[in-house]
Every structure is written in structure tokens, then in C-alpha cells.
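Colleague: Input structure: my_file.cif, which contains mmCIF, C-alpha atoms, pLDDT in the B column; chains and numbers go by the auth columns.
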data_input
loop_
_atom_site.group_PDB
_atom_site.id
_atom_site.type_symbol
_atom_site.label_atom_id
_atom_site.label_comp_id
_atom_site.label_asym_id
_atom_site.label_seq_id
_atom_site.Cartn_x
_atom_site.Cartn_y
_atom_site.Cartn_z
_atom_site.B_iso_or_equiv
_atom_site.auth_seq_id
_atom_site.auth_asym_id
ATOM 1 C CA MET A 1 66.582 119.387 84.102 50.00 7 B
ATOM 2 C CA THR A 2 69.766 120.941 85.418 54.00 8 B
ATOM 3 C CA ASN A 3 70.750 124.575 85.773 60.00 9 B
ATOM 4 C CA GLN A 4 74.129 124.016 84.139 57.00 10 B
ATOM 5 C CA ALA A 5 75.184 126.081 81.165 57.00 11 B
ATOM 6 C CA PRO A 6 75.741 124.041 77.988 55.00 12 B
ATOM 7 C CA GLU A 7 79.530 124.445 78.232 56.00 13 B
ATOM 8 C CA GLU A 8 79.462 122.877 81.722 56.00 14 B
ATOM 9 C CA THR A 9 78.031 119.656 80.366 64.00 15 B
ATOM 10 C CA GLY A 10 80.010 117.237 78.243 69.00 16 B
ATOM 11 C CA ALA A 11 83.653 117.034 79.350 70.00 17 B
ATOM 12 C CA ALA A 12 83.007 118.524 82.796 68.00 18 B
ATOM 13 C CA ALA A 13 80.134 116.134 83.429 68.00 19 B
ATOM 14 C CA ALA A 14 82.221 113.183 82.248 71.00 20 B
ATOM 15 C CA ALA A 15 85.107 114.254 84.490 69.00 21 B
ATOM 16 C CA SER A 16 82.799 114.356 87.521 71.00 22 B
ATOM 17 C CA LEU A 17 81.945 110.693 86.916 76.00 23 B
ATOM 18 C CA LEU A 18 85.555 109.570 87.352 80.00 24 B
ATOM 19 C CA LEU A 19 85.853 106.982 90.101 73.00 25 B
ATOM 20 C CA ASP A 20 88.464 109.045 91.983 74.00 26 B
ATOM 21 C CA ASP A 21 85.982 111.950 92.206 80.00 27 B
ATOM 22 C CA GLN A 22 83.234 109.906 93.873 84.00 28 B
ATOM 23 C CA LEU A 23 82.744 110.176 97.656 88.00 29 B
ATOM 24 C CA CYS A 24 81.506 106.590 97.840 88.00 30 B
ATOM 25 C CA PHE A 25 84.817 105.340 96.409 87.00 31 B
ATOM 26 C CA ALA A 26 86.823 107.395 98.928 88.00 32 B
ATOM 27 C CA LEU A 27 84.759 105.931 101.779 92.00 33 B
ATOM 28 C CA TYR A 28 85.190 102.421 100.380 92.00 34 B
ATOM 29 C CA ALA A 29 88.971 102.885 100.117 92.00 35 B
ATOM 30 C CA ALA A 30 89.145 104.216 103.688 94.00 36 B
ATOM 31 C CA GLN A 31 87.116 101.258 104.971 91.00 37 B
ATOM 32 C CA ARG A 32 89.451 98.826 103.200 93.00 38 B
ATOM 33 C CA ALA A 33 92.486 100.547 104.772 95.00 39 B
ATOM 34 C CA VAL A 34 90.978 100.291 108.274 91.00 40 B
ATOM 35 C CA THR A 35 90.112 96.632 107.764 87.00 41 B
ATOM 36 C CA SER A 36 93.656 95.925 106.566 91.00 42 B
ATOM 37 C CA ALA A 37 95.116 97.672 109.614 93.00 43 B
ATOM 38 C CA TYR A 38 92.946 95.622 112.005 89.00 44 B
ATOM 39 C CA ARG A 39 93.525 92.275 110.255 92.00 45 B
ATOM 40 C CA PRO A 40 96.801 91.232 111.998 95.00 46 B
ATOM 41 C CA VAL A 41 95.394 91.892 115.472 94.00 47 B
ATOM 42 C CA LEU A 42 92.064 90.226 114.715 94.00 48 B
ATOM 43 C CA ASP A 43 93.818 87.185 113.216 95.00 49 B
ATOM 44 C CA GLU A 44 95.504 86.631 116.592 96.00 50 B
ATOM 45 C CA LEU A 45 92.063 86.683 118.238 93.00 51 B
ATOM 46 C CA GLY A 46 90.510 84.412 115.629 94.00 52 B
ATOM 47 C CA LEU A 47 88.005 87.069 114.575 92.00 53 B
ATOM 48 C CA THR A 48 87.024 88.685 111.306 88.00 54 B
ATOM 49 C CA TYR A 49 86.358 92.424 111.190 84.00 55 B
ATOM 50 C CA PRO A 50 82.547 91.954 111.003 87.00 56 B
ATOM 51 C CA GLN A 51 82.714 89.595 113.990 90.00 57 B
ATOM 52 C CA TYR A 52 84.700 92.231 115.897 87.00 58 B
ATOM 53 C CA LEU A 53 82.083 94.867 115.087 86.00 59 B
ATOM 54 C CA ALA A 54 79.203 92.651 116.214 91.00 60 B
ATOM 55 C CA ARG A 55 80.882 91.395 119.361 72.00 61 B
ATOM 56 C CA PRO A 56 79.153 92.626 122.570 72.00 62 B
#
For this file, produce the structure as C-alpha cells.

Modeller:
Amino acid sequence: MTNQAPEETGAAAAASLLLDDQLCFALYAAQRAVTSAYRPVLDELGLTYPQYLARP
């Protein structure tokens, strides 16, 4: 049970489910941008991003 008033449910609740409003999507997009930025340098080294992260 939530403490929201009835008028806060419905459209407001649906709007909060938009992909652009989700923190997990923002983190995913940021991770993809970092991976893309590293890719040219890692290609020269013959490494993937996960291999770079795991490398001692």
C-alpha cells in the first residue's frame, strides 16, 4: 500500500515508469558511452573492455 493520494496515481505513476526517468537506464547509457570512448585505444592493445577491467 502506498501513501500516495489518488490523484498522484494513474498518469503520474505511468510517467515515472518512462525509460528516461529510470536511474538504471541512465547508468546503462553512461556505461555504454565509457565503453565506446575506450574502444579505439583498447582495439590497439587487442583487448576488450572486460579484459581491460580484469587485467592485473

Colleague: Env of Gln57 (chain B): 12 Å cut, atoms = all atoms listed in the file, seq-sep filter 6 positions within chain, self excluded. Answer as a PyMOL selection string.

Modeller: chain B and resi 41+45+48-49+51

Colleague: What are the centre and the three edge lengths of an axis-aligned box that wraps all atoms of region 52-61 of chain B in the file, given that 4 Å is added to every side, written as AutoDock Vina command-line options and rounded to one decimal in Å?

Modeller:
--center_x 84.9 --center_y 89.6 --center_z 115.2 --size_x 19.3 --size_y 18.5 --size_z 16.4

Colleague: Take CA of Thr54 (chain B) and CA of Val40 (chain B) and report the distance between them in Å, one decimal.

Modeller: 12.6 Å

Colleague: Do you have the CA of Leu24 (chain B)-CA of Ser42 (chain B) distance handy?

Modeller: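 That distance, rounded to one decimal, is 24.9 Å.
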
Colleague: So the first atom is CA of Pro46 (chain B) and the second is CA of Phe31 (chain B); what is the distance between them in Å, to one decimal place?

Modeller: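 Separation between CA of Pro46 (chain B) and CA of Phe31 (chain B): 24.2 Å.
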
Colleague: Closest to Gln37 (chain B) among B:Leu25, B:Ala17, B:Pro62, B:Tyr55, using all atoms listed in the file?

Modeller: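 Result for the nearest residue to Gln37 (chain B): B:Tyr55.
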